[in-house]
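To keep things clear, I will list the structure first and then write my remarks on it.
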Amino acid sequence: MTKTNDGLMARRQAAVAQGVGQIHPIFTERAENATVWDVEGREYIDFAGGIAVLNTGHLHPKVKAAVAAQLEAFSHTCFMVLGYESYIEVCEKLNHLVPGDFAKKTALFTSGSEAVENAVKVARAYTKRAGVIAFTSGYHGRTIAALALTGKVAPYSKGMGLMSANVFRAEFPCEMHGVSEDDAMASIERIFKNDAEPADIAAIILEPVQGEGGFYAVTPSFMKRLRELCDAHGIVLIADEVQTGAGRTGTFFAMEQMGVAADITTFAKSIAGGFPLSGITGKTEVMDAVTAGGLGGTYGGSPIACAAALAVIEVFEEEQLLARANEVGNKLKSALTDMQAKYPQIADVRGLGAMIAIELMEDGEPAPQYSGKILAEARSRGLILLSCGTYGNVIRVLVPLTAPDAQIDAGLAIMDSTFQAVFK
């Protein structure tokens, strides 16, 4: 029987829980680098990258080879039962790659949410405090404690009731939406005055560039103020680099561009080129606050995922993908800025490295009514895009850094024709 997208969608609706969303009603047959083919044989340019997971592209040959070699040896032992060198080697690499001029240690997990929750666990163990400050519009995952940190109810926690206590919400600095850096810092001081004194706060967590929140980047000046505040009160600063990490912003971690280092850094997504791996890297004295057995997980630091991660790090070095991220970002921003001049609905073009987004506004207000139309129209023309943002009015581009220029140009041409069709 010939498979079709409609047929598989019908099966999906009958078998898969409603809570598991799907942005595009197509089903993948195969993929390579920045190209995806669906079950009907149609070809798409992938500007989504599995939501920032495929910085090295679909099935990079070096990653494939590393995984195949690992499968010839063993697939699983659970590192907490029988260790293996690749786990240690990934930790050594991350201890070097994560910014900060201090001794570091790393622990590996499976998902970004796990990394975030374990970062909070470590901070609580180190400080002997329970409170955490997170920011409006931040996204930190879908597990129960991560949901408490995530600054958006719908769709992530809609209908689930109140999340875990001891989380306090500060304002994320975003000049475009009327929140200055002074406003953001003042909101933290209000928490200290009204909700919890600094001695109750274990950690402050934020994304250097908000992902699901809309690709808003903090400035080095704001991060410096946050670092000084944490130092003054003995608070652990956690940089959530799940989406920004593994080279997307033009440095391996976005915090390298911020002038200060976090005490704990989370990573996941692109670190293993499509295989599930996450982790946290932090100051040795902070990381070692948790006693043996307090961190881990059955599949955490899977030998297959570790093999993939080591290959990804090699690919970044051999193919100079950090420089490539900046080249791709400049290409995207240049073309999208030209489009902004043609389409008044494009209010802003922004991003660090190749983490690029446009924001849609109309009559001075967010214009989410265009987002779904843009995604559908682009898809009909052979391009996969994603939206994001607190108001759902941001279109983001997360094309693999390994995509050739000609394919990126083709994707940008589709974006232009899509805007022309949608904004007419």
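Note on naming: chains are A, B, ... as they come in the structure tokens, residues start from 1 per chain, ligands start from 1 in the order shown.
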Residues within 8 Å of Lys105 (chain A), only C-alpha atoms, excluding chain neighbours under 2 positions, as an NGL selection string: :A and (91-92 or 95 or 103 or 107 or 281-284 or 287)
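For region 227-241 of chain A, the residues within 8 Å (counting only C-alpha atoms, excluding itself and residues fewer than 6 positions away along the chain) are Val116, Ala119, Ala123, Thr127, His140, Pro198, Ala199, Ile201, Ala202, Ala203, Ile204, Ile205, Leu206, Glu207, Pro208, Phe253, Ala254, Met255, Val260, Ala261, Ala262, Asp263, Ile264, Thr265, Thr266, Phe267 and Ala268 of chain A.
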Contacts of Ser380 (chain A) at 12 Å (only C-alpha atoms; same-chain gap of 6+ positions) as a ChimeraX atom specification: /A:24-26,42-45,373-374,414-415,417-418,421
Residues from the last selection, C-alpha atoms, saved as a PDB file, in the first residue's frame:
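The file below, part.pdb, is the result:
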```
ATOM      1  CA  HIS A  24       3.508  20.346   9.675  1.00  0.00           C
ATOM      2  CA  PRO A  25       1.109  17.647   8.369  1.00  0.00           C
ATOM      3  CA  ILE A  26       3.834  15.770   6.536  1.00  0.00           C
ATOM      4  CA  ARG A  42       8.210  15.498  -2.173  1.00  0.00           C
ATOM      5  CA  GLU A  43      11.429  17.383  -1.379  1.00  0.00           C
ATOM      6  CA  TYR A  44      11.698  20.169   1.212  1.00  0.00           C
ATOM      7  CA  ILE A  45      14.422  22.565   2.283  1.00  0.00           C
ATOM      8  CA  LYS A 373      -0.322  31.260   6.828  1.00  0.00           C
ATOM      9  CA  ILE A 374       3.402  31.786   6.277  1.00  0.00           C
ATOM     10  CA  ILE A 414      10.781  30.871  -1.111  1.00  0.00           C
ATOM     11  CA  MET A 415      10.434  33.053   1.990  1.00  0.00           C
ATOM     12  CA  SER A 417       7.607  34.653  -2.507  1.00  0.00           C
ATOM     13  CA  THR A 418       5.710  33.416   0.552  1.00  0.00           C
ATOM     14  CA  ALA A 421       1.605  35.812  -1.326  1.00  0.00           C
TER      15      ALA A 421
END
```
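Computed from the coordinates, the CA of Ala31 (chain A) to CA of Cys388 (chain A) distance equals 23.8 Å.
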Surrounding residues of Leu375 (chain A) excluding itself and chain neighbours under 4 positions, 8 Å, only C-alpha atoms, as number ranges by chain: A: 371, 379, 384-387
Near-region 9-21 of chain A list (10 Å; only C-alpha atoms; drop same-chain fewer than 6 positions) as a PyMOL selection string: chain A and resi 27+155-156
DSSP-assigned strand (DSSP E or B) among region 88-329 of chain A, expressed as a VMD selection string: chain A and resid 104 to 109 131 to 135 167 to 170 174 179 201 to 206 209 217 236 to 240 264 to 267 278 to 283
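Of the residues listed (A:Leu321, A:Gly293, A:Ile313, A:Ala217), A:Ala217 shows the shortest atom-to-atom separation from Arg350 (chain A); distances use only C-alpha atoms.
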Filtered DSSP result for region 61-256 of chain A, state helix (DSSP H, G or I), as a ChimeraX atom specification: /A:61-71,85-97,112-127,144-149,175-177,181-194,198-200,220-233,254-256
Using only C-alpha atoms: which of A:Val399, A:Leu352, A:Val98, A:Met1 has the shortest distance to Thr219 (chain A): A:Leu352
Just the residues within 12 Å of Gln320 (chain A), please, counting only C-alpha atoms, with nothing from its chain fewer than 4 positions along; format it as a PDB file with N, CA and C atoms, in the first residue's frame.
```
ATOM      1  N   THR A  56      24.658  20.301  12.470  1.00  0.00           N
ATOM      2  CA  THR A  56      25.537  19.586  11.542  1.00  0.00           C
ATOM      3  C   THR A  56      24.752  18.863  10.456  1.00  0.00           C
ATOM      4  N   GLY A 247      27.106  25.774  18.872  1.00  0.00           N
ATOM      5  CA  GLY A 247      27.537  26.577  17.741  1.00  0.00           C
ATOM      6  C   GLY A 247      26.498  27.397  17.020  1.00  0.00           C
ATOM      7  N   GLY A 250      27.236  31.293  16.670  1.00  0.00           N
ATOM      8  CA  GLY A 250      28.528  31.742  16.149  1.00  0.00           C
ATOM      9  C   GLY A 250      29.685  31.539  17.096  1.00  0.00           C
ATOM     10  N   THR A 251      29.391  31.220  18.347  1.00  0.00           N
ATOM     11  CA  THR A 251      30.367  30.697  19.296  1.00  0.00           C
ATOM     12  C   THR A 251      29.779  29.392  19.804  1.00  0.00           C
ATOM     13  N   PHE A 252      30.599  28.502  20.336  1.00  0.00           N
ATOM     14  CA  PHE A 252      30.036  27.206  20.698  1.00  0.00           C
ATOM     15  C   PHE A 252      28.933  27.364  21.732  1.00  0.00           C
ATOM     16  N   VAL A 312      30.280  15.226  16.396  1.00  0.00           N
ATOM     17  CA  VAL A 312      29.798  16.589  16.163  1.00  0.00           C
ATOM     18  C   VAL A 312      30.886  17.603  16.502  1.00  0.00           C
ATOM     19  N   ILE A 313      31.540  17.423  17.628  1.00  0.00           N
ATOM     20  CA  ILE A 313      32.592  18.367  18.038  1.00  0.00           C
ATOM     21  C   ILE A 313      33.739  18.351  17.031  1.00  0.00           C
ATOM     22  N   GLU A 314      34.081  17.174  16.520  1.00  0.00           N
ATOM     23  CA  GLU A 314      35.114  17.079  15.486  1.00  0.00           C
ATOM     24  C   GLU A 314      34.692  17.798  14.215  1.00  0.00           C
ATOM     25  N   VAL A 315      33.439  17.624  13.819  1.00  0.00           N
ATOM     26  CA  VAL A 315      32.931  18.277  12.615  1.00  0.00           C
ATOM     27  C   VAL A 315      33.016  19.794  12.747  1.00  0.00           C
ATOM     28  N   PHE A 316      32.677  20.322  13.910  1.00  0.00           N
ATOM     29  CA  PHE A 316      32.773  21.763  14.122  1.00  0.00           C
ATOM     30  C   PHE A 316      34.197  22.251  13.908  1.00  0.00           C
ATOM     31  N   ARG A 324      31.275  29.396   9.959  1.00  0.00           N
ATOM     32  CA  ARG A 324      30.160  29.183   9.027  1.00  0.00           C
ATOM     33  C   ARG A 324      28.843  29.692   9.613  1.00  0.00           C
ATOM     34  N   ALA A 325      28.650  29.524  10.920  1.00  0.00           N
ATOM     35  CA  ALA A 325      27.429  30.014  11.553  1.00  0.00           C
ATOM     36  C   ALA A 325      27.291  31.523  11.366  1.00  0.00           C
ATOM     37  N   ASN A 326      28.391  32.237  11.495  1.00  0.00           N
ATOM     38  CA  ASN A 326      28.336  33.686  11.306  1.00  0.00           C
ATOM     39  C   ASN A 326      28.118  34.055   9.840  1.00  0.00           C
ATOM     40  N   GLU A 327      28.711  33.279   8.930  1.00  0.00           N
ATOM     41  CA  GLU A 327      28.474  33.515   7.500  1.00  0.00           C
ATOM     42  C   GLU A 327      26.998  33.301   7.161  1.00  0.00           C
ATOM     43  N   LEU A 401      23.925  24.387   9.668  1.00  0.00           N
ATOM     44  CA  LEU A 401      25.080  25.200   9.303  1.00  0.00           C
ATOM     45  C   LEU A 401      25.821  24.612   8.113  1.00  0.00           C
ATOM     46  N   THR A 402      25.589  23.341   7.858  1.00  0.00           N
ATOM     47  CA  THR A 402      26.248  22.638   6.753  1.00  0.00           C
ATOM     48  C   THR A 402      25.511  22.794   5.430  1.00  0.00           C
TER      49      THR A 402
END
```
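Here CA of Ala308 (chain A) stands at a distance of 11.3 Å from CA of Leu71 (chain A).
Closest approach to Glu117 (chain A) among A:Ala34, A:Ala311, A:Val132, A:Ala272 is made by A:Val132 (distances from only C-alpha atoms).
With only C-alpha atoms taken into account, the protein and nucleic acid residues at most 10 Å from Gly138 (chain A) (excluding it and anything under 6 positions from it in its own chain) are Leu149, Thr150, Gly151, Lys152, Arg169, Glu171, Phe172, Ile205, Leu206, Glu207, Val209, Gln210, Gly211, Glu212, Gly213, Gly214, Asp240, Gly389 and Thr390 of chain A.
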Keeping N, CA and C atoms for every residue in the selection just given, could you write it to a file as a PDB file, in the first residue's frame?
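And here's result-v6.pdb as it stands now:
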```
ATOM      1  N   LEU A 149       9.371  26.719  35.551  1.00  0.00           N
ATOM      2  CA  LEU A 149      10.336  27.725  35.125  1.00  0.00           C
ATOM      3  C   LEU A 149       9.941  28.381  33.808  1.00  0.00           C
ATOM      4  N   THR A 150       9.216  27.651  32.964  1.00  0.00           N
ATOM      5  CA  THR A 150       8.827  28.142  31.650  1.00  0.00           C
ATOM      6  C   THR A 150       7.794  29.249  31.777  1.00  0.00           C
ATOM      7  N   GLY A 151       8.061  30.381  31.134  1.00  0.00           N
ATOM      8  CA  GLY A 151       7.230  31.570  31.308  1.00  0.00           C
ATOM      9  C   GLY A 151       6.128  31.708  30.277  1.00  0.00           C
ATOM     10  N   LYS A 152       5.418  30.627  30.000  1.00  0.00           N
ATOM     11  CA  LYS A 152       4.297  30.675  29.064  1.00  0.00           C
ATOM     12  C   LYS A 152       3.362  29.524  29.393  1.00  0.00           C
ATOM     13  N   ARG A 169       9.030  34.956  39.074  1.00  0.00           N
ATOM     14  CA  ARG A 169       9.168  35.403  37.691  1.00  0.00           C
ATOM     15  C   ARG A 169       9.642  36.844  37.619  1.00  0.00           C
ATOM     16  N   GLU A 171      11.067  40.035  34.964  1.00  0.00           N
ATOM     17  CA  GLU A 171      10.803  40.525  33.607  1.00  0.00           C
ATOM     18  C   GLU A 171      12.046  40.338  32.738  1.00  0.00           C
ATOM     19  N   PHE A 172      11.860  39.735  31.558  1.00  0.00           N
ATOM     20  CA  PHE A 172      12.974  39.590  30.624  1.00  0.00           C
ATOM     21  C   PHE A 172      13.157  40.905  29.872  1.00  0.00           C
ATOM     22  N   ILE A 205      17.917  31.540  36.517  1.00  0.00           N
ATOM     23  CA  ILE A 205      18.105  30.823  35.257  1.00  0.00           C
ATOM     24  C   ILE A 205      17.556  31.655  34.113  1.00  0.00           C
ATOM     25  N   LEU A 206      18.307  31.717  33.017  1.00  0.00           N
ATOM     26  CA  LEU A 206      17.811  32.382  31.818  1.00  0.00           C
ATOM     27  C   LEU A 206      18.516  31.856  30.586  1.00  0.00           C
ATOM     28  N   GLU A 207      17.891  32.060  29.438  1.00  0.00           N
ATOM     29  CA  GLU A 207      18.494  31.749  28.143  1.00  0.00           C
ATOM     30  C   GLU A 207      19.223  32.991  27.642  1.00  0.00           C
ATOM     31  N   VAL A 209      19.814  33.734  24.676  1.00  0.00           N
ATOM     32  CA  VAL A 209      18.882  34.141  23.622  1.00  0.00           C
ATOM     33  C   VAL A 209      17.624  33.316  23.842  1.00  0.00           C
ATOM     34  N   GLN A 210      16.498  33.971  24.109  1.00  0.00           N
ATOM     35  CA  GLN A 210      15.284  33.203  24.325  1.00  0.00           C
ATOM     36  C   GLN A 210      14.926  32.433  23.059  1.00  0.00           C
ATOM     37  N   GLY A 211      14.609  31.155  23.218  1.00  0.00           N
ATOM     38  CA  GLY A 211      14.275  30.311  22.081  1.00  0.00           C
ATOM     39  C   GLY A 211      12.811  30.413  21.718  1.00  0.00           C
ATOM     40  N   GLU A 212      11.984  29.603  22.393  1.00  0.00           N
ATOM     41  CA  GLU A 212      10.550  29.635  22.122  1.00  0.00           C
ATOM     42  C   GLU A 212       9.967  31.020  22.389  1.00  0.00           C
ATOM     43  N   GLY A 213      10.622  31.794  23.246  1.00  0.00           N
ATOM     44  CA  GLY A 213      10.128  33.114  23.601  1.00  0.00           C
ATOM     45  C   GLY A 213      10.234  34.154  22.507  1.00  0.00           C
ATOM     46  N   GLY A 214      11.030  33.878  21.448  1.00  0.00           N
ATOM     47  CA  GLY A 214      11.075  34.826  20.341  1.00  0.00           C
ATOM     48  C   GLY A 214      12.440  35.250  19.845  1.00  0.00           C
ATOM     49  N   ASP A 240      20.819  28.642  30.427  1.00  0.00           N
ATOM     50  CA  ASP A 240      20.155  27.568  29.691  1.00  0.00           C
ATOM     51  C   ASP A 240      20.525  27.710  28.216  1.00  0.00           C
ATOM     52  N   GLY A 389       7.604  32.693  19.838  1.00  0.00           N
ATOM     53  CA  GLY A 389       7.316  33.982  20.437  1.00  0.00           C
ATOM     54  C   GLY A 389       6.141  33.944  21.385  1.00  0.00           C
ATOM     55  N   THR A 390       6.189  34.809  22.372  1.00  0.00           N
ATOM     56  CA  THR A 390       5.109  34.915  23.350  1.00  0.00           C
ATOM     57  C   THR A 390       3.771  35.146  22.676  1.00  0.00           C
TER      58      THR A 390
END
```
